[in-house]
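As structure tokens, the structure follows; a few thoughts come after it.
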Amino acid sequence: MRPHKQPNDRRVCGKAAEGWTDGRTRRRWCRVSDWVPTTCMRCAVGCGHVQQGADIGYGIAGTRGDAAHPVNQGLACARGIRESQDPDGDWLTRPMVRSDGELRQTTWDVALSKAVEGLRRAHERDPHEVAVLGSGQQTNEAAYALGKVARGGFGTRNYDANTTLCMASAVTAYYQAFGSDAPPCTYSDIGEADRHVVWGANPAVAHPVLFRWLRQAADEEGVAIVVVDPVRSETAENAEHHVAPEPGKDLALARAVLARVVETDRVDEAFVDEATEGFDDLRAALPDAATAAAEAGVGMERVDLLADALDRRALVYWGMGVNQHVQGTETARALIDLTLATGNLRPGGGPFSLTGQANSMGTRICSSKGSWPGQRAFADPNHRRTVADHWDVPVGRLPNDTGPGPVGVVEDGPAAVWTVATNPVAGMPEADAVRETLDDAFLVAQDAFHTETTELADVVLPAATWGESEGTTTNMERTISRVRAATEVPSGVRPDLDIVATIGNRLFPGLFGDTSPDPESVFAEFAALTEGTVADCSGITYDRLEDVHAVRWPAPDADSAGGYRYHDDGEAGEDWRFPTASGRAQFSTGRQASLPEPTDDDYPLTLTTAREADGYNTGVRSRGGRSGPLVARINPATVAAHDDAVADDRVTVGTRRGTATARVDPDEGVPEGLVWLPIHHPATNRLTLSDRDPQSREPNFKQCAARLVAPTDAAEDRAAAPADADD
């Protein structure tokens with residue numbers, strides 16, 4: 001049971017209002033401060049905002065796009081504005097500890113002491129008994145500090161971030177193909193492309209400002225958007241063409257398109273010969289185009305449409321529909337293969353993974369979860385020594401491998417878990433099992449809002465949020481910009497960096513030189529550690545960001561900034577250089593395999609998940625502590641075929657892991673036999689499958705076998721027992 005909050009707990013613009021109880025409503029009747037430039041933290045587009053804070057009390061009084069910011073030049077989406085200025089989350093305002101089974105408010109000293117005691121006890125048993133889970137919602141500085149504590153303090157391999165749940169397949173594919181993570185292309189390429197192939201992504205919902213750029217580009221003569229998605233998404237509704245493969249068969253479709261390119265002699269042989277290797281092996285492994293198209297469930301005319309698109313300057317974008325699959329890495333590689341084979345690795349074209357969370361890219365280069373800062377190879381002894389020396393810790397303390405991924409971290413059953421700005425109870429697959437594991441562990445949950453995870457915690461540490469924090473963030477095109485506080489932090493709340501450094505220094509004295517390090521010094525420490533790497537940020541400083549607002553890495557000196565990667569268009573002609581062993585880009589030979597959980601007589605439908613406009617980051621900022629009804633989008637023909645399961649527009653969706661009752665939304669944009677659920681609703685991931693891509697460790701959120709049954713009057717949905725498989 002949550003304790004009743006007192007009026008002075010409230011984050012409010014102006015004086016505390018009378019008679020409130022829930023801490024969510026905010027009033028706007030106060031004086032305001034000057035406009036403060038910052039960066040929106042809702043998604044990874046990285047739009048510059050300006051915010052006004054309250055002169056009296058706490059809170060954001062106004063937010064708008066920043067016309068001076070080079071990324072968005074004043075554009076901003078309504079959801080980014082709303083969730084920055086007035087989130088509907090259930091605020092955390094005081095530390096809490098569990099006593100007699102209930103969370104009770106306490107002081108910071110008591111909460112930190114209990115957190116440190118529990119983490120220390122597990123660490124003394126075994127460093128890997130401590131699990132740390134970070135987030136793409138942290139600043140670069142907080143992510144770097146958390147990785148330093150996890151890897152250089154605890155020395156645990158059980159450390160990861162929720163970014164692995166959405167981006168790990170793209171990350172792995174980039175490393176394998178190019179020797180380095182992150183897209184080669186930038187936002188400036190959007191206006192140069194003739195074809196925008198959006199594959200397994202819905203930027204109209206997930207990245208509204210970026211999608212506006214796509215629509216503006218497509219308004220030009222001869223420019224078109226082509227969407228590949230089993231569902232007719234909002235992006236598909238606004239595109240010239242929609243290709244709908246069967247769920248989970250994207251790799252078969254990508255191979256059909258490449259086979260068609262080869263069959264019709266449209267390979268850019270000059271580029272392939274000069275800049276790549278492995279194409280002969282790929283050519284030999286390609287299926288027949290018609291056979292692969294049939295496997296993907298599309299006609300050859302659709303394959304030809306995609307092959308024709310790649311004849312032009314084409315940007316190939318992809319998102320969770322590709323990554324969240326047991327063959328996510330191989331599918332992302334296949335999309336990269338398409339750009340390589342057609343010579344679309346140059347300005348105006350290329351493979352562009354659309355990052356979800358605001359600072360997923362920063363987590364990748366800062367946090368030491370999949371590589372050391374600056375993309376230093378995790379297992380390389382020289383890099384390990386450099387990192388250990390930089391942190392002044394014994395090199396033997398650093399773990400030998402990057403760990404099992406976030407799902408594997410939980411499956412290992414750690415004795416203590418520390419979550420920072422993440423909600424694994426709602427965000428991980430097979431969520432009931434996750435809940436049980438975290439309920440058994442000593443759990444420290446650090447967040448700005450109440451979540452399904454904080455409800456289970458032994459210690460809750462309330463953290464500052466957008467508009468209250470200082471630092472930097474990195475968007476999906478590698479651009480770093482400032483995050484600034486426009487309002488004071490309430491007395492019961494601390495910034496993520498301050499909390500992380502305090503716990504780190506109490507457990508490992510001297511790990512941070514300052515008990516409460518300032519973000520600028522932490523960024524300088526991180527940037528220095530990247531010097532000479534492929535993700536060199538050593539030329540970026542707070543002073544530079546003050547002058548120019550944003551800088552794209554690599555930026556090895558004060559005058560340089562990254563552009564299109566791997567490509568040089570000089571006087572001697574085009575040149576390509578890749579940080580691979582051979583200096584060439586690498587083709588792949590992956591082929592479509594069977595799905596991990598195909599449909600059968602007992603579970604004849606396919607469940608898929610995706611984002612909805614107002615559900616993001618498990619929805620904690622937008623659902624106000626109340627999840628609301630689960631809504632299942634289902635084709636009317638599928639609804640009719642299961643009319644015995646529908647009662648009062650409600651149906652129970654069941655998988656082999658559990659059941660959830662949903663309101664039915666008949667939607668002809670969803671193909672027959674498919675059930676679409678919003679991934680950020682806390683009930684959805686009780687149903688999803690934890691099978692993972694063996695290369696990226698990213699879970700297969702997008703397909704599992706399901707069925708529809710009549711809803712019951714039970715107080716809560718239950719796990720589906722094997723015995724009822726024949727019901």
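Lettering and numbering for the structure tokens are positional, with chains as A, B, ... in the shown order, residues counted from 1 in each chain, and ligands counted from 1 in the shown order.
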**Message:** Which residues are close to A:Asp181, i.e. within 8 Å by only C-alpha atoms, leaving aside same-chain residues fewer than 5 positions away? Reply as a ChimeraX atom specification.
**Reply:** /A:171-172,174-175,375
Kindly export the residues of the current selection with C-alpha atoms, as a compact mmCIF listing (two decimals), in the first residue's frame.
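Writing done, so here's part07.txt:
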```txt
# COMPACT_ATOMS: atom_id res chain seq x y z
CA VAL A 171 23.55 -2.63 -32.75
CA THR A 172 24.87 -6.14 -33.42
CA TYR A 174 25.98 -2.55 -37.43
CA TYR A 175 29.01 -3.97 -35.64
CA GLN A 375 32.85 1.43 -28.39
```
Which residues in stretch 235-455 of chain A does DSSP call strand (DSSP E)? List them as a short mmCIF file (atom, residue, chain, number, x, y, z; two decimals) with N, CA, C and O atoms, in the first residue's frame.
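Result written to states.cif:
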```
data_model
loop_
_atom_site.label_atom_id
_atom_site.label_comp_id
_atom_site.auth_asym_id
_atom_site.auth_seq_id
_atom_site.Cartn_x
_atom_site.Cartn_y
_atom_site.Cartn_z
N HIS A 241 2.99 3.43 -50.81
CA HIS A 241 2.92 1.99 -51.02
C HIS A 241 3.03 1.28 -49.68
O HIS A 241 3.76 1.71 -48.78
N HIS A 242 2.33 0.15 -49.56
CA HIS A 242 2.37 -0.67 -48.35
C HIS A 242 2.57 -2.12 -48.76
O HIS A 242 1.79 -2.66 -49.56
N VAL A 243 3.60 -2.74 -48.22
CA VAL A 243 3.90 -4.15 -48.44
C VAL A 243 3.69 -4.87 -47.13
O VAL A 243 4.29 -4.49 -46.11
N THR A 276 33.36 -3.79 -50.30
CA THR A 276 32.74 -4.85 -49.50
C THR A 276 33.45 -6.17 -49.69
O THR A 276 34.29 -6.34 -50.57
N GLU A 277 33.06 -7.13 -48.87
CA GLU A 277 33.47 -8.50 -49.08
C GLU A 277 32.38 -9.45 -48.59
O GLU A 277 31.55 -9.08 -47.76
N ALA A 314 18.04 5.54 -51.88
CA ALA A 314 17.06 5.01 -50.94
C ALA A 314 17.61 4.98 -49.52
O ALA A 314 18.72 4.48 -49.29
N LEU A 315 16.83 5.49 -48.60
CA LEU A 315 17.07 5.30 -47.18
C LEU A 315 16.18 4.15 -46.72
O LEU A 315 14.97 4.14 -46.98
N VAL A 316 16.78 3.17 -46.05
CA VAL A 316 16.03 2.05 -45.51
C VAL A 316 16.01 2.21 -43.99
O VAL A 316 17.04 2.06 -43.32
N TYR A 317 14.84 2.53 -43.46
CA TYR A 317 14.65 2.71 -42.02
C TYR A 317 14.07 1.42 -41.45
O TYR A 317 13.26 0.76 -42.09
N TRP A 318 14.45 1.08 -40.23
CA TRP A 318 13.77 -0.04 -39.57
C TRP A 318 13.68 0.21 -38.08
O TRP A 318 14.38 1.06 -37.53
N GLY A 350 21.12 4.69 -47.40
CA GLY A 350 21.78 3.95 -46.34
C GLY A 350 20.82 3.29 -45.38
O GLY A 350 19.61 3.49 -45.44
N PRO A 351 21.36 2.48 -44.46
CA PRO A 351 20.56 1.78 -43.48
C PRO A 351 20.42 2.61 -42.20
O PRO A 351 21.40 2.92 -41.55
N PHE A 352 19.20 2.95 -41.83
CA PHE A 352 18.95 3.90 -40.74
C PHE A 352 18.02 3.25 -39.71
O PHE A 352 16.80 3.24 -39.88
N SER A 353 18.59 2.69 -38.65
CA SER A 353 17.77 2.13 -37.58
C SER A 353 17.17 3.28 -36.77
O SER A 353 17.87 4.23 -36.41
N ALA A 416 20.21 -9.49 -5.52
CA ALA A 416 19.87 -8.07 -5.40
C ALA A 416 19.78 -7.47 -6.79
O ALA A 416 20.60 -7.78 -7.67
N VAL A 417 18.80 -6.59 -7.00
CA VAL A 417 18.59 -5.94 -8.29
C VAL A 417 18.42 -4.45 -8.05
O VAL A 417 17.66 -4.04 -7.16
N TRP A 418 19.11 -3.66 -8.86
CA TRP A 418 19.00 -2.20 -8.80
C TRP A 418 18.52 -1.74 -10.16
O TRP A 418 19.21 -1.90 -11.16
N THR A 419 17.31 -1.20 -10.23
CA THR A 419 16.76 -0.69 -11.49
C THR A 419 16.81 0.83 -11.47
O THR A 419 16.49 1.46 -10.46
N VAL A 420 17.19 1.42 -12.61
CA VAL A 420 17.30 2.87 -12.72
C VAL A 420 16.53 3.32 -13.96
O VAL A 420 16.88 2.98 -15.09
N PHE A 442 16.29 -8.74 -3.35
CA PHE A 442 16.35 -7.43 -2.69
C PHE A 442 16.35 -6.41 -3.81
O PHE A 442 17.27 -6.35 -4.63
N LEU A 443 15.29 -5.60 -3.91
CA LEU A 443 15.08 -4.74 -5.07
C LEU A 443 15.17 -3.26 -4.68
O LEU A 443 14.43 -2.79 -3.81
N VAL A 444 16.08 -2.56 -5.35
CA VAL A 444 16.19 -1.10 -5.25
C VAL A 444 15.68 -0.52 -6.56
O VAL A 444 16.22 -0.82 -7.63
N ALA A 445 14.62 0.27 -6.49
CA ALA A 445 14.02 0.85 -7.69
C ALA A 445 14.18 2.36 -7.65
O ALA A 445 13.70 3.03 -6.72
N GLN A 446 14.85 2.90 -8.64
CA GLN A 446 15.14 4.33 -8.74
C GLN A 446 14.36 4.88 -9.92
O GLN A 446 14.59 4.47 -11.06
N ASP A 447 13.43 5.80 -9.67
CA ASP A 447 12.57 6.28 -10.75
C ASP A 447 11.95 7.60 -10.34
O ASP A 447 11.99 7.99 -9.17
#
```
**Message:** I'd like the contact shell of A:Met96 - 8 Å cut-off, only C-alpha atoms, skipping same-chain residues fewer than 6 positions apart - returned as a ChimeraX atom specification.
**Reply:** /A:103-107,111,459-461
So that I have them on file, write out the residues from the current selection with N, CA, C and O atoms, as a tab-separated table (two decimals), in the first residue's frame.
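The result, written out as result.tsv:
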```tsv
chain	number	residue	atom	x	y	z
A	103	LEU	N	5.46	-0.36	1.79
A	103	LEU	CA	6.39	0.74	1.54
A	103	LEU	C	5.98	1.93	2.39
A	103	LEU	O	4.83	2.36	2.37
A	104	ARG	N	6.97	2.48	3.11
A	104	ARG	CA	6.70	3.62	3.97
A	104	ARG	C	7.74	4.71	3.68
A	104	ARG	O	8.91	4.43	3.47
A	105	GLN	N	7.29	5.96	3.72
A	105	GLN	CA	8.19	7.08	3.49
A	105	GLN	C	9.25	7.13	4.58
A	105	GLN	O	8.99	6.82	5.73
A	106	THR	N	10.45	7.57	4.15
A	106	THR	CA	11.56	7.65	5.10
A	106	THR	C	12.48	8.78	4.65
A	106	THR	O	12.18	9.53	3.73
A	107	THR	N	13.63	8.89	5.31
A	107	THR	CA	14.62	9.89	4.94
A	107	THR	C	15.57	9.31	3.90
A	107	THR	O	15.67	8.09	3.73
A	111	ALA	N	17.04	5.43	3.53
A	111	ALA	CA	16.83	4.70	2.28
A	111	ALA	C	18.16	4.31	1.65
A	111	ALA	O	18.34	3.16	1.19
A	459	VAL	N	13.45	-0.85	-1.55
A	459	VAL	CA	13.85	0.55	-1.40
A	459	VAL	C	13.45	1.29	-2.66
A	459	VAL	O	13.75	0.82	-3.77
A	460	VAL	N	12.78	2.42	-2.51
A	460	VAL	CA	12.41	3.26	-3.65
A	460	VAL	C	13.14	4.59	-3.51
A	460	VAL	O	13.05	5.26	-2.48
A	461	LEU	N	13.87	4.95	-4.57
A	461	LEU	CA	14.66	6.19	-4.58
A	461	LEU	C	14.07	7.13	-5.63
A	461	LEU	O	14.17	6.87	-6.83
```
Selection: 10 Å around stretch 69-82 of chain A, only C-alpha atoms, excl. self and same-chain fewer than 2 positions, as a PDB file with N, CA and C atoms, in the first residue's frame:
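out-v7.pdb written:
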```pdb
ATOM      1  N   PRO A  37      17.027  26.566 -22.612  1.00  0.00           N
ATOM      2  CA  PRO A  37      17.160  25.591 -23.695  1.00  0.00           C
ATOM      3  C   PRO A  37      17.524  24.210 -23.164  1.00  0.00           C
ATOM      4  N   THR A  38      16.906  23.187 -23.722  1.00  0.00           N
ATOM      5  CA  THR A  38      17.156  21.813 -23.305  1.00  0.00           C
ATOM      6  C   THR A  38      16.858  20.892 -24.477  1.00  0.00           C
ATOM      7  N   THR A  39      16.778  19.593 -24.218  1.00  0.00           N
ATOM      8  CA  THR A  39      16.484  18.612 -25.268  1.00  0.00           C
ATOM      9  C   THR A  39      15.348  17.723 -24.794  1.00  0.00           C
ATOM     10  N   CYS A  40      14.380  17.477 -25.659  1.00  0.00           N
ATOM     11  CA  CYS A  40      13.260  16.615 -25.329  1.00  0.00           C
ATOM     12  C   CYS A  40      13.764  15.189 -25.101  1.00  0.00           C
ATOM     13  N   MET A  41      13.226  14.539 -24.060  1.00  0.00           N
ATOM     14  CA  MET A  41      13.663  13.187 -23.715  1.00  0.00           C
ATOM     15  C   MET A  41      12.580  12.144 -23.955  1.00  0.00           C
ATOM     16  N   ARG A  42      11.585  12.451 -24.793  1.00  0.00           N
ATOM     17  CA  ARG A  42      10.541  11.458 -25.031  1.00  0.00           C
ATOM     18  C   ARG A  42      11.001  10.384 -26.002  1.00  0.00           C
ATOM     19  N   CYS A  43      11.524  10.762 -27.151  1.00  0.00           N
ATOM     20  CA  CYS A  43      12.001   9.773 -28.124  1.00  0.00           C
ATOM     21  C   CYS A  43      13.390  10.196 -28.581  1.00  0.00           C
ATOM     22  N   VAL A  45      14.540  11.342 -31.477  1.00  0.00           N
ATOM     23  CA  VAL A  45      14.775  12.356 -32.506  1.00  0.00           C
ATOM     24  C   VAL A  45      15.722  13.425 -31.972  1.00  0.00           C
ATOM     25  N   GLY A  46      15.578  13.763 -30.688  1.00  0.00           N
ATOM     26  CA  GLY A  46      16.500  14.716 -30.069  1.00  0.00           C
ATOM     27  C   GLY A  46      16.147  16.157 -30.330  1.00  0.00           C
ATOM     28  N   CYS A  47      14.861  16.496 -30.317  1.00  0.00           N
ATOM     29  CA  CYS A  47      14.426  17.865 -30.593  1.00  0.00           C
ATOM     30  C   CYS A  47      14.871  18.809 -29.478  1.00  0.00           C
ATOM     31  N   GLY A  48      15.357  19.970 -29.871  1.00  0.00           N
ATOM     32  CA  GLY A  48      15.636  21.010 -28.901  1.00  0.00           C
ATOM     33  C   GLY A  48      14.342  21.646 -28.426  1.00  0.00           C
ATOM     34  N   HIS A  49      14.226  21.814 -27.133  1.00  0.00           N
ATOM     35  CA  HIS A  49      13.104  22.514 -26.511  1.00  0.00           C
ATOM     36  C   HIS A  49      13.626  23.711 -25.743  1.00  0.00           C
ATOM     37  N   VAL A  50      12.741  24.647 -25.455  1.00  0.00           N
ATOM     38  CA  VAL A  50      12.990  25.645 -24.420  1.00  0.00           C
ATOM     39  C   VAL A  50      11.865  25.517 -23.411  1.00  0.00           C
ATOM     40  N   GLN A  51      12.222  25.656 -22.133  1.00  0.00           N
ATOM     41  CA  GLN A  51      11.257  25.462 -21.060  1.00  0.00           C
ATOM     42  C   GLN A  51      11.300  26.631 -20.090  1.00  0.00           C
ATOM     43  N   GLY A  62       5.999  26.114 -19.039  1.00  0.00           N
ATOM     44  CA  GLY A  62       5.826  26.199 -20.484  1.00  0.00           C
ATOM     45  C   GLY A  62       6.932  25.481 -21.215  1.00  0.00           C
ATOM     46  N   THR A  63       6.594  24.903 -22.375  1.00  0.00           N
ATOM     47  CA  THR A  63       7.563  24.200 -23.215  1.00  0.00           C
ATOM     48  C   THR A  63       7.215  24.445 -24.673  1.00  0.00           C
ATOM     49  N   ARG A  64       8.229  24.649 -25.491  1.00  0.00           N
ATOM     50  CA  ARG A  64       8.016  24.770 -26.936  1.00  0.00           C
ATOM     51  C   ARG A  64       9.292  24.355 -27.649  1.00  0.00           C
ATOM     52  N   GLY A  65       9.207  24.158 -28.952  1.00  0.00           N
ATOM     53  CA  GLY A  65      10.384  23.834 -29.733  1.00  0.00           C
ATOM     54  C   GLY A  65      11.370  24.977 -29.760  1.00  0.00           C
ATOM     55  N   ASP A  66      12.659  24.627 -29.842  1.00  0.00           N
ATOM     56  CA  ASP A  66      13.733  25.620 -29.835  1.00  0.00           C
ATOM     57  C   ASP A  66      14.155  25.910 -31.270  1.00  0.00           C
ATOM     58  N   ALA A  67      13.840  27.107 -31.750  1.00  0.00           N
ATOM     59  CA  ALA A  67      14.172  27.476 -33.125  1.00  0.00           C
ATOM     60  C   ALA A  67      15.672  27.533 -33.362  1.00  0.00           C
ATOM     61  N   SER A  84       6.766  16.493 -21.359  1.00  0.00           N
ATOM     62  CA  SER A  84       7.811  17.283 -20.718  1.00  0.00           C
ATOM     63  C   SER A  84       7.213  18.246 -19.698  1.00  0.00           C
ATOM     64  N   GLN A  85       6.152  18.920 -20.115  1.00  0.00           N
ATOM     65  CA  GLN A  85       5.612  20.002 -19.301  1.00  0.00           C
ATOM     66  C   GLN A  85       4.677  19.504 -18.214  1.00  0.00           C
ATOM     67  N   ASP A  86       3.819  18.552 -18.540  1.00  0.00           N
ATOM     68  CA  ASP A  86       2.791  18.163 -17.587  1.00  0.00           C
ATOM     69  C   ASP A  86       2.519  16.666 -17.672  1.00  0.00           C
ATOM     70  N   PRO A  87       3.492  15.825 -17.341  1.00  0.00           N
ATOM     71  CA  PRO A  87       3.266  14.374 -17.414  1.00  0.00           C
ATOM     72  C   PRO A  87       2.176  13.932 -16.451  1.00  0.00           C
ATOM     73  N   ASP A  88       1.467  12.898 -16.869  1.00  0.00           N
ATOM     74  CA  ASP A  88       0.360  12.414 -16.067  1.00  0.00           C
ATOM     75  C   ASP A  88       0.781  11.232 -15.208  1.00  0.00           C
ATOM     76  N   TYR A 187      20.148  12.942 -40.404  1.00  0.00           N
ATOM     77  CA  TYR A 187      18.880  13.556 -40.796  1.00  0.00           C
ATOM     78  C   TYR A 187      19.002  14.337 -42.107  1.00  0.00           C
ATOM     79  N   SER A 188      20.167  14.881 -42.391  1.00  0.00           N
ATOM     80  CA  SER A 188      20.321  15.659 -43.623  1.00  0.00           C
ATOM     81  C   SER A 188      20.130  14.809 -44.863  1.00  0.00           C
ATOM     82  N   VAL A 205       3.811   7.437 -35.376  1.00  0.00           N
ATOM     83  CA  VAL A 205       3.452   7.343 -33.967  1.00  0.00           C
ATOM     84  C   VAL A 205       4.670   7.523 -33.069  1.00  0.00           C
ATOM     85  N   HIS A 207       7.927   8.621 -33.798  1.00  0.00           N
ATOM     86  CA  HIS A 207       8.856   9.740 -34.024  1.00  0.00           C
ATOM     87  C   HIS A 207       8.173  10.799 -34.896  1.00  0.00           C
ATOM     88  N   PRO A 208       7.183  11.518 -34.358  1.00  0.00           N
ATOM     89  CA  PRO A 208       6.371  12.407 -35.194  1.00  0.00           C
ATOM     90  C   PRO A 208       7.147  13.476 -35.949  1.00  0.00           C
ATOM     91  N   VAL A 209       8.165  14.072 -35.338  1.00  0.00           N
ATOM     92  CA  VAL A 209       8.909  15.124 -36.032  1.00  0.00           C
ATOM     93  C   VAL A 209       9.694  14.531 -37.197  1.00  0.00           C
ATOM     94  N   LEU A 210      10.330  13.388 -36.982  1.00  0.00           N
ATOM     95  CA  LEU A 210      11.040  12.739 -38.073  1.00  0.00           C
ATOM     96  C   LEU A 210      10.072  12.368 -39.189  1.00  0.00           C
ATOM     97  N   ARG A 212       7.394  13.884 -39.992  1.00  0.00           N
ATOM     98  CA  ARG A 212       7.054  15.105 -40.733  1.00  0.00           C
ATOM     99  C   ARG A 212       8.116  15.400 -41.784  1.00  0.00           C
ATOM    100  N   TRP A 213       9.386  15.164 -41.441  1.00  0.00           N
ATOM    101  CA  TRP A 213      10.439  15.357 -42.444  1.00  0.00           C
ATOM    102  C   TRP A 213      10.259  14.397 -43.613  1.00  0.00           C
ATOM    103  N   ASN A 475      21.120  11.662 -29.677  1.00  0.00           N
ATOM    104  CA  ASN A 475      19.968  11.204 -30.443  1.00  0.00           C
ATOM    105  C   ASN A 475      20.345  10.104 -31.436  1.00  0.00           C
ATOM    106  N   GLU A 477      20.846  10.005 -34.568  1.00  0.00           N
ATOM    107  CA  GLU A 477      21.819  10.303 -35.623  1.00  0.00           C
ATOM    108  C   GLU A 477      23.175  10.718 -35.042  1.00  0.00           C
ATOM    109  N   THR A 479      23.942  12.758 -32.506  1.00  0.00           N
ATOM    110  CA  THR A 479      24.117  14.146 -32.106  1.00  0.00           C
ATOM    111  C   THR A 479      23.925  14.308 -30.598  1.00  0.00           C
ATOM    112  N   SER A 481      23.513  16.775 -27.353  1.00  0.00           N
ATOM    113  CA  SER A 481      23.096  18.124 -26.978  1.00  0.00           C
ATOM    114  C   SER A 481      22.778  18.160 -25.497  1.00  0.00           C
ATOM    115  N   VAL A 548      27.181  26.026 -29.788  1.00  0.00           N
ATOM    116  CA  VAL A 548      26.598  25.524 -31.043  1.00  0.00           C
ATOM    117  C   VAL A 548      25.374  24.642 -30.829  1.00  0.00           C
ATOM    118  N   HIS A 549      24.977  24.411 -29.588  1.00  0.00           N
ATOM    119  CA  HIS A 549      23.778  23.653 -29.214  1.00  0.00           C
ATOM    120  C   HIS A 549      23.943  22.146 -29.328  1.00  0.00           C
ATOM    121  N   ALA A 550      24.537  21.652 -30.412  1.00  0.00           N
ATOM    122  CA  ALA A 550      24.583  20.205 -30.632  1.00  0.00           C
ATOM    123  C   ALA A 550      25.767  19.855 -31.519  1.00  0.00           C
ATOM    124  N   VAL A 551      26.382  18.684 -31.231  1.00  0.00           N
ATOM    125  CA  VAL A 551      27.537  18.218 -32.005  1.00  0.00           C
ATOM    126  C   VAL A 551      27.357  16.724 -32.262  1.00  0.00           C
ATOM    127  N   ALA A 613       0.281   5.766 -29.847  1.00  0.00           N
ATOM    128  CA  ALA A 613       0.733   7.154 -29.763  1.00  0.00           C
ATOM    129  C   ALA A 613       0.981   7.620 -28.334  1.00  0.00           C
ATOM    130  N   ASP A 614       0.106   7.277 -27.410  1.00  0.00           N
ATOM    131  CA  ASP A 614       0.221   7.804 -26.056  1.00  0.00           C
ATOM    132  C   ASP A 614       0.800   6.813 -25.072  1.00  0.00           C
ATOM    133  N   ARG A 621       4.538   7.897 -17.809  1.00  0.00           N
ATOM    134  CA  ARG A 621       4.332   9.347 -17.825  1.00  0.00           C
ATOM    135  C   ARG A 621       2.939   9.724 -18.323  1.00  0.00           C
ATOM    136  N   SER A 622       2.265   8.786 -19.000  1.00  0.00           N
ATOM    137  CA  SER A 622       1.020   9.149 -19.665  1.00  0.00           C
ATOM    138  C   SER A 622      -0.214   8.489 -19.086  1.00  0.00           C
TER     139      SER A 622
END
```
**Request:** May I have the residues within 12 Å of A:Ala182 as a ChimeraX atom specification, using only C-alpha atoms and disregarding those fewer than 2 positions away in the same chain?
**Result:** /A:167-180,184-186,350-355,360-365,374-375,474-479,534-535,552-554,562,564-566
**Prompt:** Looking at only C-alpha atoms, which of A:Leu92, A:His642, A:Phe523, A:Ala131 is the one that sits closest to A:Leu438?
**Reply:** A:Ala131
**Request:** Mind checking which residues fall within 7 Å of stretch 492-504 of chain A, counting only C-alpha atoms, ignoring those fewer than 3 positions away in the same chain, and posting them as a VMD selection string?
**Result:** chain A and resid 93 to 94 116 141 to 142 145 to 146 149 462 to 464 469 489 507 to 508 511 to 512 515 to 516
**Fill in**
note - atom CA of A:Ser560 and atom CA of A:Trp576 are separated by 19.0 Å
**Request:** Mind checking which residues fall within 8 Å of A:Pro699, counting only C-alpha atoms, ignoring those fewer than 2 positions away in the same chain, and posting them as a PyMOL selection string?
**Result:** chain A and resi 165+324-326+407+429+689-693+697+701
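Taking atom CA of A:Ala307 and atom CA of A:Ile336 as the two end points, the separation is 13.9 Å.
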**Complete:** One decimal place gives the atom CA of A:Pro711-atom CA of A:Pro671 separation as 22.9 Å
**Request:** Taking the chain letters and numbering used in this document, name the residues of stretch 385-609 of chain A that DSSP puts in helix (DSSP H, G or I), as a PyMOL selection string.
**Result:** chain A and resi 385-391+395-397+405-411+424-427+431-440+454-456+496-507+519-529+542-548
